[in-house]
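**Q** Please see the structure below; I have some questions.
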Amino acid sequence: MRSIRSRLLIWIGLPFTGLAMLALLSSYYLLSRQINETFDDMLLNAAERVERRIHSVDGELRVNMHYFSISTLGSRGDGKIFYRIQEVDGGMLVGFAGLEGPPEVSEQPLFYDVDYAGNSLRAVALTFPLTRANQSREIEVIVAESTEARQALVSDFMLTLSGLMAVGGLLAISIALLAIHKGLAPLNAIRRSLHRRSQHDLEPLVGEVPREVAPLIQSINQLMERMRLSIQNTQQLNADVSHQLRTPVSEIRALSELTLARSSEPETRANLDEIKRIAEHAGHTVEQLLRYAKTRHELVDSANLKRVDLVEICRDACAQAATSIYQRSQELALEADERTPALLGDPIMLRWMVQNLIDNASLHAGGEQPYRGSIQVSVECRDGRCLLAVRDAGVGVDEARLARLTERFYRADTRVQGSGLGLAIAEQIAQAHGAELILRNRQEGGLEASVSFPVLLPHSAPAPSAASTASAR
Amino acid sequence: MKVLVVEDNDNLARSISAALEDTGFKAEVSRDGRSAEHCLEVGAFDLLVLDLGLPELDGISLLRRLRQRQDTIPVLIISARDALDQRILGLEEGADDYLCKPFSLDEVAARAKALVRRAKQFGGDTLRSGRLEFHPDAMELRLDGETVALHRRELEVMEYLLINQGRLVSKGQIADRLSTTDEPVSHTAVETYVSRLRKKLGVDVGLKTVRGLGYLLDPQDGG
C-alpha cells in the first residue's frame, strides 16, 4: 500500500499543478487580448493620421509619406509596416497594391489578420470621406503591422510568469514535505517506540498521541492486553497441571516404593518395580513438559533477562547433578574461566539448560551400555562470546541423527529412558538467549553440546525492566 | 531421633513416615500447619519434613514463624511447585534442604539422615561410610576397625566429608569449616590435607575429586 507521505504528496501536488496550469492559460489568454487591443488602438491611430497627409495637387490626390514614418506607429520599431491608400471605387494612391483588403466592408474601422509577402500581419481598414479642392471622395486606408512585437511581448511575459510559478511551486512542495513530515512525526514516534521494545513486551503503549491515531493505539493496546492475558492463562494452566499431576505421581511412586520395601513375593516385586519405574518416568516427563512449555520463546520476555554469572550457574547445576553422576560411576568436571563476563539471561532457565545437557550426557553417552566415563562442563570466553560446552567421551551419535536430536520426543535410542524433551528444552532456552545449541561428535569420541552466548558489554547494563508483567514463571 | 512429617496428603504422609521409620526415625504426622505448630511446641523433634502447600497455615509461614522463634530444628521442604524459585524462597526462609515432587522415598530418607547428621556435626553419633567409621567424641577415624593415625586437620576434613557424604563439597566450604579467625585455611591447604588423607588411608574409600568443583565422598553403604 502506498505510504501516507506519497498519498499526501500526490493529493497536494496534482491539484496544485492543475491549478497552476489553469492560471497560466488564463493569463496567456487575458494578456494576449490586452496587448492586441493596445496595439490595435495604436494601429488605428496611425491610420487616422494618414488622413491629414493627403492633399490635392491640381485635382490629383497626393500623400505625403515623408511624415508617415514607422515610429509614428508607436510600436517598438521591430515590426514591419505595410500600407495601402486608395480611393473607394477609384485608383490606387500609394502603398503596396497587393495588400489584401478587409473581408467585408464596414463604416467602422475594421481589424483583421492578413498574410503579405511572407509576413503575418494585423491590419486595420478605415474609410473616410475626403474633401479637397471642392471634390469629395471616399478614401480607404489600410495599415498593417507585423505581429512579432505583440508575440514577443506576450512570450516575454509568459516566460517570466512561468518562472515565477515554477519557483513558487518548488517552494510549495518543500513546505508540503515539511508539513507532511511534521504531521507524521507522532506516527513515526509510535513506530520507533514499537520497534525499540522487545518482541515480547506486551505493556500498553503510553504517552500523548494525536486524536486521529488514538483509536489505533487503543486497538493495539487492547490486542496486547489480550495476548498478555492469554499468555498468563497458559502459564496458569502450566502451574495448575504441574500441581495437579505432581502430587498423584508422587503418591504412586511413594506407595510403590513403600510396598516394594515390604513385599517379598517375586512377581509382586517385579510389578512394583515396573510401576515405580513408570511413575518415575511420568514424573520426569511432566516436569520436562512444563519446562518445555515455559521456555517456549513466545513466552520468554527478553526484557526480563538480567545479568547472570554463567560459571556460578554451571557450578550450581554440577553440584546438584554430582551425586547421581557418581552413583552411576561417572565422573564430572567443571572447567571454567573465572573471568567470564556477565551475560544477559534468565538464571533459572540457564540452569535447566545446563542440567539437561549434563543429564543427556549422563543418560545417553554410553549408547546401549550404561556410560562409565567422565562428563566435562566448560565455560570459555573468546571473541566477545561465551561458550558453554558439555562434553562426554561416550559413543557419540550417528551423524544422520544428530540434527534430529533436538526434535520434541525424538529419541536416538529408545532403549534408554528419557522424556525426549531434554535437548529440545535446551535448544529453546539457548534461542531465548540469542544463542544456538550445536551438537557435534567429537574427534576423540563422544558428543559435544555447545551454546555460544553473546557477552554483555560492561557499559551496557540492562535497563531495569518495568515491563515484567509477563513473567515466565 | 524424632521426626515430624507435615503433609496433608494421606498416602504421602504414610509413605514418608514409614520410610523414615525404616531408616531409624520415630515419625509423627501432622495434616495441617496449625496442628504442626502445636506438635512442635509440645514435642522435641530432631527434624521437620514440611510440605509447602498446606491447609490452615502454609508451609512457608510456618517455617518463618519457627525461625522467628529462634527454633533451629533442621527443616526439609517438600513441594509440588516447580523447582528453583520456590527452592530459593524456601532456603531463604531458613529451610535446610528442599525436595521437589515427585521424589523417591530413598531420597527423602537420605536427605533426612544427612540433615540430622549435619545438625549434630560436633560430637554425637558415630559417622559411617563403607569401610570408614568416625567417632566424633574421640576424634578417631577407623578403617575396617583399625585406627588410622591422622593429623587433626585431616580428621576435621574427613569428618566434614562424612557428614556431607553423597553431596558435592567445595574446597571453599571445607576451608570455611576449618578456618578460625587466628588460623585461616587456604584452598591449597585443603588440597594438601585431602591428598595426605588419601595417602594415609591407602585404599579407595570412595573419595572422589570433582575437577573444578570440589570433593564428593561416595556413600558406599547407602549412607
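Residues are named by chain letter and number: chains run A, B, ... in the order of the C-alpha cells, numbers start at 1 in each chain, and ligands are numbered from 1 in the order shown.
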When you look at Phe111 in chain A with a cut-off of 7 Å (counting only C-alpha atoms), what residues show up, excluding the ones that are within fewer than 3 positions of it in the same chain? I need them as a compact mmCIF listing (two decimals) with C-alpha atoms, in the first residue's frame.
**A**
```
# COMPACT_ATOMS: atom_id res chain seq x y z
CA ALA A 123 -4.29 45.22 -40.36
CA VAL A 124 -6.88 47.95 -39.93
CA ALA A 125 -9.04 49.25 -42.73
```
**Q** Give me, as a VMD selection string, all polymer residues having an atom no more than 12 Å from Phe134 in chain B, counting only C-alpha atoms and skipping those fewer than 4 positions away in the same chain.
**A** chain B and resid 121 to 130 138 to 148 150 155 to 163
**Q** Give me the chain A side of the contact with chain B, cut-off 8 Å, one line per residue showing its nearest atom pair and distance in Å at one decimal, counting only C-alpha atoms, sorted by chain and residue number, as JSON lines.
**A**
```
{"residue": "A:Ala239", "atom": "CA", "partner": "B:Arg81", "partner_atom": "CA", "distance": 7.6}
{"residue": "A:Ser242", "atom": "CA", "partner": "B:Arg81", "partner_atom": "CA", "distance": 7.0}
{"residue": "A:His243", "atom": "CA", "partner": "B:Ala80", "partner_atom": "CA", "distance": 5.6}
{"residue": "A:Arg246", "atom": "CA", "partner": "B:Lys101", "partner_atom": "CA", "distance": 5.8}
{"residue": "A:Thr247", "atom": "CA", "partner": "B:Ala80", "partner_atom": "CA", "distance": 6.4}
{"residue": "A:Val249", "atom": "CA", "partner": "B:Pro102", "partner_atom": "CA", "distance": 6.3}
{"residue": "A:Ser250", "atom": "CA", "partner": "B:Pro102", "partner_atom": "CA", "distance": 4.3}
{"residue": "A:Glu251", "atom": "CA", "partner": "B:Leu12", "partner_atom": "CA", "distance": 5.6}
{"residue": "A:Arg253", "atom": "CA", "partner": "B:Ser104", "partner_atom": "CA", "distance": 6.9}
{"residue": "A:Ala254", "atom": "CA", "partner": "B:Ser15", "partner_atom": "CA", "distance": 5.9}
{"residue": "A:Leu255", "atom": "CA", "partner": "B:Ser15", "partner_atom": "CA", "distance": 6.1}
{"residue": "A:Glu257", "atom": "CA", "partner": "B:Leu105", "partner_atom": "CA", "distance": 6.8}
{"residue": "A:Leu258", "atom": "CA", "partner": "B:Ser15", "partner_atom": "CA", "distance": 6.1}
{"residue": "A:Glu280", "atom": "CA", "partner": "B:Pro102", "partner_atom": "CA", "distance": 7.6}
{"residue": "A:Gly283", "atom": "CA", "partner": "B:Pro102", "partner_atom": "CA", "distance": 5.9}
{"residue": "A:Arg315", "atom": "CA", "partner": "B:Leu213", "partner_atom": "CA", "distance": 6.9}
{"residue": "A:Cys318", "atom": "CA", "partner": "B:Leu213", "partner_atom": "CA", "distance": 7.9}
{"residue": "A:Ala319", "atom": "CA", "partner": "B:Leu168", "partner_atom": "CA", "distance": 5.6}
{"residue": "A:Gln320", "atom": "CA", "partner": "B:Leu168", "partner_atom": "CA", "distance": 7.9}
{"residue": "A:Ala322", "atom": "CA", "partner": "B:Leu168", "partner_atom": "CA", "distance": 6.3}
{"residue": "A:Thr323", "atom": "CA", "partner": "B:Gly166", "partner_atom": "CA", "distance": 5.7}
{"residue": "A:Tyr326", "atom": "CA", "partner": "B:Asp218", "partner_atom": "CA", "distance": 7.1}
{"residue": "A:Gln327", "atom": "CA", "partner": "B:Asp218", "partner_atom": "CA", "distance": 7.5}
{"residue": "A:Glu331", "atom": "CA", "partner": "B:Val210", "partner_atom": "CA", "distance": 7.2}
{"residue": "A:Leu332", "atom": "CA", "partner": "B:Val210", "partner_atom": "CA", "distance": 5.9}
{"residue": "A:Ala333", "atom": "CA", "partner": "B:Arg211", "partner_atom": "CA", "distance": 4.4}
{"residue": "A:Leu334", "atom": "CA", "partner": "B:Gly212", "partner_atom": "CA", "distance": 4.6}
{"residue": "A:Glu335", "atom": "CA", "partner": "B:Gly212", "partner_atom": "CA", "distance": 5.7}
{"residue": "A:Ala336", "atom": "CA", "partner": "B:Gly212", "partner_atom": "CA", "distance": 7.5}
{"residue": "A:Ile348", "atom": "CA", "partner": "B:Leu84", "partner_atom": "CA", "distance": 6.6}
```
**Q** Restricting the output to C-alpha atoms, write the selected residues as a short mmCIF file (atom, residue, chain, number, x, y, z; two decimals), in the first residue's frame.
**A**
```
data_model
loop_
_atom_site.label_atom_id
_atom_site.label_comp_id
_atom_site.auth_asym_id
_atom_site.auth_seq_id
_atom_site.Cartn_x
_atom_site.Cartn_y
_atom_site.Cartn_z
CA ALA A 239 1.13 -24.19 37.07
CA SER A 242 2.11 -29.03 37.43
CA HIS A 243 0.45 -29.02 40.80
CA ARG A 246 2.86 -33.87 40.65
CA THR A 247 1.07 -34.95 43.79
CA VAL A 249 2.54 -39.11 40.59
CA SER A 250 4.36 -38.69 43.92
CA GLU A 251 1.76 -40.84 45.62
CA ARG A 253 5.81 -43.51 43.34
CA ALA A 254 5.93 -43.40 47.14
CA LEU A 255 3.38 -46.18 47.58
CA GLU A 257 8.43 -47.87 46.84
CA LEU A 258 6.88 -48.47 50.22
CA GLU A 280 9.39 -42.01 37.86
CA GLY A 283 7.07 -37.56 36.92
CA ARG A 315 28.68 -24.73 39.39
CA CYS A 318 27.04 -29.53 38.61
CA ALA A 319 26.76 -29.63 42.40
CA GLN A 320 23.13 -30.69 42.01
CA ALA A 322 27.13 -34.65 41.10
CA THR A 323 25.51 -37.14 43.45
CA TYR A 326 28.87 -40.51 40.80
CA GLN A 327 26.18 -43.04 41.72
CA GLU A 331 32.80 -38.52 36.70
CA LEU A 332 32.09 -34.83 36.47
CA ALA A 333 34.47 -31.93 35.91
CA LEU A 334 33.95 -28.21 35.55
CA GLU A 335 36.48 -26.15 33.66
CA ALA A 336 35.56 -22.53 33.85
CA ILE A 348 16.53 -20.48 36.23
#
```
**Q** Determine which residues of range 189-383 of chain A receive a DSSP assignment of alpha helix (DSSP H), computed from the backbone, and state them as a ChimeraX atom specification.
**A** /A:189-196,214-262,266-294,310-327,347-364
**Q** Applying 10 Å and only C-alpha atoms, which residues near Val209 in chain A remain after dropping the ones on its own chain fewer than 4 positions away? List them as a list in words.
**A**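 With the cut-off at 10 Å, the set is Pro186, Leu187, Ala189, Ile190, Leu205, Val213, Ala214, Pro215 and Ile217 of chain A.
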**Q** Keeping only N, CA and C atoms, write those residues as a PDB file, in the first residue's frame.
**A**
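What follows is the written file out.pdb:
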```
ATOM      1  N   PRO A 186       4.252  12.227  14.983  1.00  0.00           N
ATOM      2  CA  PRO A 186       3.735  11.369  16.067  1.00  0.00           C
ATOM      3  C   PRO A 186       3.646   9.904  15.651  1.00  0.00           C
ATOM      4  N   LEU A 187       3.287   9.661  14.369  1.00  0.00           N
ATOM      5  CA  LEU A 187       3.212   8.276  13.879  1.00  0.00           C
ATOM      6  C   LEU A 187       4.588   7.642  13.886  1.00  0.00           C
ATOM      7  N   ALA A 189       7.047   8.472  15.783  1.00  0.00           N
ATOM      8  CA  ALA A 189       7.449   8.237  17.176  1.00  0.00           C
ATOM      9  C   ALA A 189       6.862   6.925  17.680  1.00  0.00           C
ATOM     10  N   ILE A 190       5.598   6.660  17.309  1.00  0.00           N
ATOM     11  CA  ILE A 190       4.956   5.412  17.738  1.00  0.00           C
ATOM     12  C   ILE A 190       5.662   4.216  17.099  1.00  0.00           C
ATOM     13  N   LEU A 205       1.075   0.797  25.058  1.00  0.00           N
ATOM     14  CA  LEU A 205       1.789   1.997  24.620  1.00  0.00           C
ATOM     15  C   LEU A 205       1.238   3.176  25.401  1.00  0.00           C
ATOM     16  N   VAL A 213      -4.862   9.210  15.772  1.00  0.00           N
ATOM     17  CA  VAL A 213      -4.310   7.852  15.902  1.00  0.00           C
ATOM     18  C   VAL A 213      -4.681   7.200  17.224  1.00  0.00           C
ATOM     19  N   ALA A 214      -5.303   7.973  18.111  1.00  0.00           N
ATOM     20  CA  ALA A 214      -5.652   7.417  19.426  1.00  0.00           C
ATOM     21  C   ALA A 214      -6.439   6.105  19.334  1.00  0.00           C
ATOM     22  N   PRO A 215      -7.445   6.023  18.435  1.00  0.00           N
ATOM     23  CA  PRO A 215      -8.187   4.747  18.347  1.00  0.00           C
ATOM     24  C   PRO A 215      -7.293   3.586  17.911  1.00  0.00           C
ATOM     25  N   ILE A 217      -4.033   3.293  18.478  1.00  0.00           N
ATOM     26  CA  ILE A 217      -3.198   2.932  19.635  1.00  0.00           C
ATOM     27  C   ILE A 217      -4.028   2.122  20.619  1.00  0.00           C
TER      28      ILE A 217
END
```
**Q** Can you pull out every residue within 12 Å of Arg84 in chain A, counting only C-alpha atoms, but drop anything in the same chain fewer than 5 positions away, and send it as a ChimeraX atom specification?
**A** /A:47,50,63,65,91-102,123-127,139-145
**Q** Could you take the residues named above and write them with N, CA and C atoms, as an mmCIF file, in the first residue's frame?
**A**
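Produced file part.cif, reproduced below:
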```cif
data_model
loop_
_atom_site.group_PDB
_atom_site.id
_atom_site.type_symbol
_atom_site.label_atom_id
_atom_site.label_comp_id
_atom_site.auth_asym_id
_atom_site.auth_seq_id
_atom_site.Cartn_x
_atom_site.Cartn_y
_atom_site.Cartn_z
ATOM 1 N N ALA A 47 -3.533 54.950 -38.713
ATOM 2 C CA ALA A 47 -4.342 55.010 -39.930
ATOM 3 C C ALA A 47 -5.101 56.332 -40.010
ATOM 4 N N VAL A 50 -3.155 59.271 -41.293
ATOM 5 C CA VAL A 50 -2.887 59.321 -42.737
ATOM 6 C C VAL A 50 -3.753 60.398 -43.415
ATOM 7 N N VAL A 63 -0.194 61.808 -51.423
ATOM 8 C CA VAL A 63 0.004 61.531 -49.994
ATOM 9 C C VAL A 63 1.444 61.851 -49.652
ATOM 10 N N MET A 65 4.104 60.986 -47.770
ATOM 11 C CA MET A 65 4.524 59.900 -46.892
ATOM 12 C C MET A 65 5.800 60.201 -46.149
ATOM 13 N N GLY A 91 -8.762 54.745 -58.065
ATOM 14 C CA GLY A 91 -7.393 54.276 -58.274
ATOM 15 C C GLY A 91 -6.583 54.259 -57.005
ATOM 16 N N MET A 92 -5.576 53.564 -57.105
ATOM 17 C CA MET A 92 -4.608 53.384 -56.041
ATOM 18 C C MET A 92 -3.846 54.676 -55.857
ATOM 19 N N LEU A 93 -3.711 55.107 -54.624
ATOM 20 C CA LEU A 93 -2.962 56.342 -54.399
ATOM 21 C C LEU A 93 -1.500 56.027 -54.102
ATOM 22 N N VAL A 94 -1.294 55.237 -53.045
ATOM 23 C CA VAL A 94 0.085 54.952 -52.650
ATOM 24 C C VAL A 94 0.103 53.660 -51.815
ATOM 25 N N GLY A 95 1.249 53.021 -51.729
ATOM 26 C CA GLY A 95 1.403 51.830 -50.867
ATOM 27 C C GLY A 95 1.539 50.549 -51.651
ATOM 28 N N PHE A 96 1.312 49.460 -50.927
ATOM 29 C CA PHE A 96 1.502 48.135 -51.528
ATOM 30 C C PHE A 96 0.171 47.660 -52.075
ATOM 31 N N ALA A 97 0.140 47.628 -53.412
ATOM 32 C CA ALA A 97 -1.140 47.320 -54.040
ATOM 33 C C ALA A 97 -1.606 45.905 -53.706
ATOM 34 N N GLY A 98 -0.664 44.996 -53.440
ATOM 35 C CA GLY A 98 -1.028 43.583 -53.189
ATOM 36 C C GLY A 98 -1.585 43.332 -51.816
ATOM 37 N N LEU A 99 -1.515 44.315 -50.946
ATOM 38 C CA LEU A 99 -2.027 44.141 -49.583
ATOM 39 C C LEU A 99 -3.526 43.938 -49.622
ATOM 40 N N GLU A 100 -3.924 42.874 -49.059
ATOM 41 C CA GLU A 100 -5.318 42.461 -49.181
ATOM 42 C C GLU A 100 -6.244 43.370 -48.367
ATOM 43 N N GLY A 101 -7.395 43.587 -48.908
ATOM 44 C CA GLY A 101 -8.371 44.423 -48.208
ATOM 45 C C GLY A 101 -9.120 43.630 -47.165
ATOM 46 N N PRO A 102 -9.984 44.313 -46.449
ATOM 47 C CA PRO A 102 -10.745 43.644 -45.390
ATOM 48 C C PRO A 102 -11.738 42.645 -45.980
ATOM 49 N N ALA A 123 -3.994 44.041 -39.539
ATOM 50 C CA ALA A 123 -4.295 45.224 -40.363
ATOM 51 C C ALA A 123 -5.552 45.922 -39.871
ATOM 52 N N VAL A 124 -5.648 47.228 -40.191
ATOM 53 C CA VAL A 124 -6.884 47.953 -39.930
ATOM 54 C C VAL A 124 -7.293 48.678 -41.224
ATOM 55 N N ALA A 125 -8.553 48.558 -41.527
ATOM 56 C CA ALA A 125 -9.040 49.246 -42.728
ATOM 57 C C ALA A 125 -9.995 50.346 -42.299
ATOM 58 N N LEU A 126 -9.817 51.488 -42.890
ATOM 59 C CA LEU A 126 -10.580 52.669 -42.479
ATOM 60 C C LEU A 126 -11.060 53.406 -43.739
ATOM 61 N N THR A 127 -12.316 53.755 -43.753
ATOM 62 C CA THR A 127 -12.831 54.507 -44.913
ATOM 63 C C THR A 127 -13.346 55.853 -44.417
ATOM 64 N N ILE A 139 -12.042 57.710 -49.339
ATOM 65 C CA ILE A 139 -10.678 57.173 -49.331
ATOM 66 C C ILE A 139 -10.636 55.963 -48.374
ATOM 67 N N GLU A 140 -9.978 54.939 -48.832
ATOM 68 C CA GLU A 140 -9.798 53.777 -47.936
ATOM 69 C C GLU A 140 -8.329 53.675 -47.572
ATOM 70 N N VAL A 141 -8.075 53.614 -46.276
ATOM 71 C CA VAL A 141 -6.690 53.476 -45.800
ATOM 72 C C VAL A 141 -6.563 52.121 -45.095
ATOM 73 N N ILE A 142 -5.548 51.381 -45.507
ATOM 74 C CA ILE A 142 -5.244 50.126 -44.793
ATOM 75 C C ILE A 142 -3.838 50.243 -44.244
ATOM 76 N N VAL A 143 -3.704 50.045 -42.946
ATOM 77 C CA VAL A 143 -2.354 49.997 -42.357
ATOM 78 C C VAL A 143 -2.206 48.630 -41.689
ATOM 79 N N ALA A 144 -1.089 47.989 -42.019
ATOM 80 C CA ALA A 144 -0.853 46.653 -41.434
ATOM 81 C C ALA A 144 0.506 46.617 -40.742
ATOM 82 N N GLU A 145 0.552 45.883 -39.712
ATOM 83 C CA GLU A 145 1.810 45.791 -38.944
ATOM 84 C C GLU A 145 2.095 44.310 -38.680
#
```
**Q** Show me, as CSV, the residues of range 59-168 of chain B having an atom within 12 Å of range 31-38 of chain B, each with the closest atom pair and its distance in Å, using only C-alpha atoms.
**A**
```
residue,atom,partner,partner_atom,distance
B:Gly59,CA,B:Gly33,CA,6.7
B:Ile60,CA,B:Gly33,CA,9.7
B:Ser61,CA,B:Gly33,CA,8.7
B:Leu62,CA,B:Gly33,CA,6.5
B:Leu63,CA,B:Glu37,CA,9.5
B:Arg64,CA,B:Glu37,CA,11.5
B:Arg65,CA,B:Glu37,CA,9.0
B:Leu66,CA,B:Glu37,CA,8.4
B:Arg69,CA,B:Glu37,CA,11.6
B:Asp71,CA,B:Glu37,CA,11.7
```
**Q** Would you kindly return, as a ChimeraX atom specification, each protein, DNA or RNA residue with an atom no farther than 10 Å from any atom of Asn36 in chain A, considering only C-alpha atoms and excluding same-chain residues fewer than 4 positions away?
**A** /A:30-32,40-42,122,147,150-151,154
**Q** Go ahead and write the residues just picked, C-alpha atoms, as a PDB file, in the first residue's frame.
**A**
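Heads up, here's the output in part12.pdb:
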```
ATOM      1  CA  LEU A  30      -6.097  37.716 -20.975  1.00  0.00           C
ATOM      2  CA  LEU A  31      -2.664  39.082 -21.705  1.00  0.00           C
ATOM      3  CA  SER A  32      -2.860  38.398 -25.439  1.00  0.00           C
ATOM      4  CA  ASP A  40      -4.832  47.793 -32.441  1.00  0.00           C
ATOM      5  CA  ASP A  41      -5.543  51.187 -30.940  1.00  0.00           C
ATOM      6  CA  MET A  42      -2.117  52.396 -31.987  1.00  0.00           C
ATOM      7  CA  ARG A 122      -2.507  42.677 -38.284  1.00  0.00           C
ATOM      8  CA  THR A 147       2.678  40.672 -35.269  1.00  0.00           C
ATOM      9  CA  ARG A 150       2.930  41.559 -29.949  1.00  0.00           C
ATOM     10  CA  GLN A 151       4.097  37.953 -29.791  1.00  0.00           C
ATOM     11  CA  VAL A 154       3.351  38.012 -24.746  1.00  0.00           C
TER      12      VAL A 154
END
```
**Q** Which polymer residues have any atom within 12 Å of an atom of range 423-426 of chain A, counting only C-alpha atoms, with same-chain residues fewer than 5 positions away left out, as a PDB file with C-alpha atoms, in the first residue's frame?
**A**
```pdb
ATOM      1  CA  GLU A 287       8.412 -31.863  34.739  1.00  0.00           C
ATOM      2  CA  GLN A 288      10.097 -31.661  31.351  1.00  0.00           C
ATOM      3  CA  LEU A 289       6.832 -30.890  29.527  1.00  0.00           C
ATOM      4  CA  LEU A 290       6.223 -27.983  31.838  1.00  0.00           C
ATOM      5  CA  ARG A 291       9.728 -26.731  31.309  1.00  0.00           C
ATOM      6  CA  TYR A 292       9.279 -27.142  27.603  1.00  0.00           C
ATOM      7  CA  ALA A 293       6.088 -25.086  27.768  1.00  0.00           C
ATOM      8  CA  LYS A 294       7.659 -22.447  29.974  1.00  0.00           C
ATOM      9  CA  THR A 295      10.639 -21.937  27.735  1.00  0.00           C
ATOM     10  CA  ARG A 296       8.598 -21.538  24.529  1.00  0.00           C
ATOM     11  CA  HIS A 297      10.158 -18.481  23.036  1.00  0.00           C
ATOM     12  CA  MET A 349      16.258 -21.377  32.563  1.00  0.00           C
ATOM     13  CA  LEU A 350      20.013 -21.397  32.117  1.00  0.00           C
ATOM     14  CA  ARG A 351      20.262 -23.802  34.996  1.00  0.00           C
ATOM     15  CA  TRP A 352      17.663 -26.057  33.414  1.00  0.00           C
ATOM     16  CA  MET A 353      19.671 -25.953  30.243  1.00  0.00           C
ATOM     17  CA  VAL A 354      22.970 -26.951  31.900  1.00  0.00           C
ATOM     18  CA  GLN A 355      21.127 -29.586  33.919  1.00  0.00           C
ATOM     19  CA  ASN A 356      19.508 -31.035  30.792  1.00  0.00           C
ATOM     20  CA  LEU A 357      22.798 -31.125  28.905  1.00  0.00           C
ATOM     21  CA  ILE A 358      24.500 -32.935  31.802  1.00  0.00           C
ATOM     22  CA  ASP A 359      21.556 -35.349  32.147  1.00  0.00           C
ATOM     23  CA  ASN A 360      21.624 -36.011  28.425  1.00  0.00           C
ATOM     24  CA  ALA A 361      25.319 -36.871  28.534  1.00  0.00           C
ATOM     25  CA  HIS A 364      22.872 -41.318  26.594  1.00  0.00           C
ATOM     26  CA  LEU A 388      29.296 -23.216  27.251  1.00  0.00           C
ATOM     27  CA  VAL A 390      29.146 -30.155  27.839  1.00  0.00           C
ATOM     28  CA  LEU A 402      22.402 -35.513  15.066  1.00  0.00           C
ATOM     29  CA  ALA A 403      20.120 -32.910  13.571  1.00  0.00           C
ATOM     30  CA  ARG A 404      17.013 -34.680  14.837  1.00  0.00           C
ATOM     31  CA  LEU A 405      18.142 -34.833  18.463  1.00  0.00           C
ATOM     32  CA  THR A 406      16.549 -31.527  19.362  1.00  0.00           C
ATOM     33  CA  GLU A 407      13.169 -32.544  17.950  1.00  0.00           C
ATOM     34  CA  ARG A 408      10.466 -32.940  20.504  1.00  0.00           C
ATOM     35  CA  PHE A 409      10.061 -36.582  21.551  1.00  0.00           C
ATOM     36  CA  TYR A 410      12.732 -37.764  19.170  1.00  0.00           C
ATOM     37  CA  ARG A 411      14.914 -40.288  20.915  1.00  0.00           C
ATOM     38  CA  ALA A 412      18.106 -41.560  19.338  1.00  0.00           C
ATOM     39  CA  GLY A 418      14.080 -40.276  28.957  1.00  0.00           C
ATOM     40  CA  GLN A 431      17.265 -19.454  21.451  1.00  0.00           C
ATOM     41  CA  ALA A 432      15.618 -17.348  24.135  1.00  0.00           C
ATOM     42  CA  HIS A 433      19.112 -16.076  24.920  1.00  0.00           C
ATOM     43  CA  ALA A 435      22.218 -18.318  21.140  1.00  0.00           C
ATOM     44  CA  GLU A 436      22.148 -21.635  19.344  1.00  0.00           C
ATOM     45  CA  LEU A 437      22.591 -25.160  20.608  1.00  0.00           C
ATOM     46  CA  ILE A 438      25.121 -27.035  18.498  1.00  0.00           C
ATOM     47  CA  LEU A 439      25.541 -30.787  18.779  1.00  0.00           C
ATOM     48  CA  ALA A 449      26.782 -29.928  23.126  1.00  0.00           C
ATOM     49  CA  SER A 450      27.749 -26.285  22.965  1.00  0.00           C
ATOM     50  CA  VAL A 451      25.969 -22.964  23.245  1.00  0.00           C
TER      51      VAL A 451
END
```
**Q** Give me the residues within 12 Å of Leu153 in chain A as a list in words, counting only C-alpha atoms and dropping any in the same chain fewer than 6 places off.
**A**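 My list of contacting residues is Tyr28, Leu31, Ser32, Arg33, Gln34, Ile35, Asn36, Thr38, Phe39, Ser75, Arg76, Asp78, Thr147, Leu159 and Thr160 of chain A.
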**Q** Mind dumping the selected residues with C-alpha atoms as a PDB file, in the first residue's frame?
**A**
```pdb
ATOM      1  CA  TYR A  28      -1.997  33.944 -21.585  1.00  0.00           C
ATOM      2  CA  LEU A  31      -2.664  39.082 -21.705  1.00  0.00           C
ATOM      3  CA  SER A  32      -2.860  38.398 -25.439  1.00  0.00           C
ATOM      4  CA  ARG A  33      -6.209  40.150 -25.623  1.00  0.00           C
ATOM      5  CA  GLN A  34      -4.960  43.134 -23.673  1.00  0.00           C
ATOM      6  CA  ILE A  35      -1.857  43.516 -25.793  1.00  0.00           C
ATOM      7  CA  ASN A  36      -3.809  43.103 -29.038  1.00  0.00           C
ATOM      8  CA  THR A  38      -3.459  48.194 -27.162  1.00  0.00           C
ATOM      9  CA  PHE A  39      -1.615  47.582 -30.418  1.00  0.00           C
ATOM     10  CA  SER A  75       5.393  50.152 -31.602  1.00  0.00           C
ATOM     11  CA  ARG A  76       8.886  49.304 -30.569  1.00  0.00           C
ATOM     12  CA  ASP A  78      10.939  45.923 -34.727  1.00  0.00           C
ATOM     13  CA  THR A 147       2.678  40.672 -35.269  1.00  0.00           C
ATOM     14  CA  LEU A 159       8.211  33.224 -19.615  1.00  0.00           C
ATOM     15  CA  THR A 160       8.611  35.411 -16.563  1.00  0.00           C
TER      16      THR A 160
END
```
**Q** So the first atom is CA of Glu51 in chain A and the second is CA of Gln135 in chain A; what is the distance between them in Å, to one decimal place?
**A**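 About the pair CA of Glu51 in chain A and CA of Gln135 in chain A: they are 15.0 Å apart.
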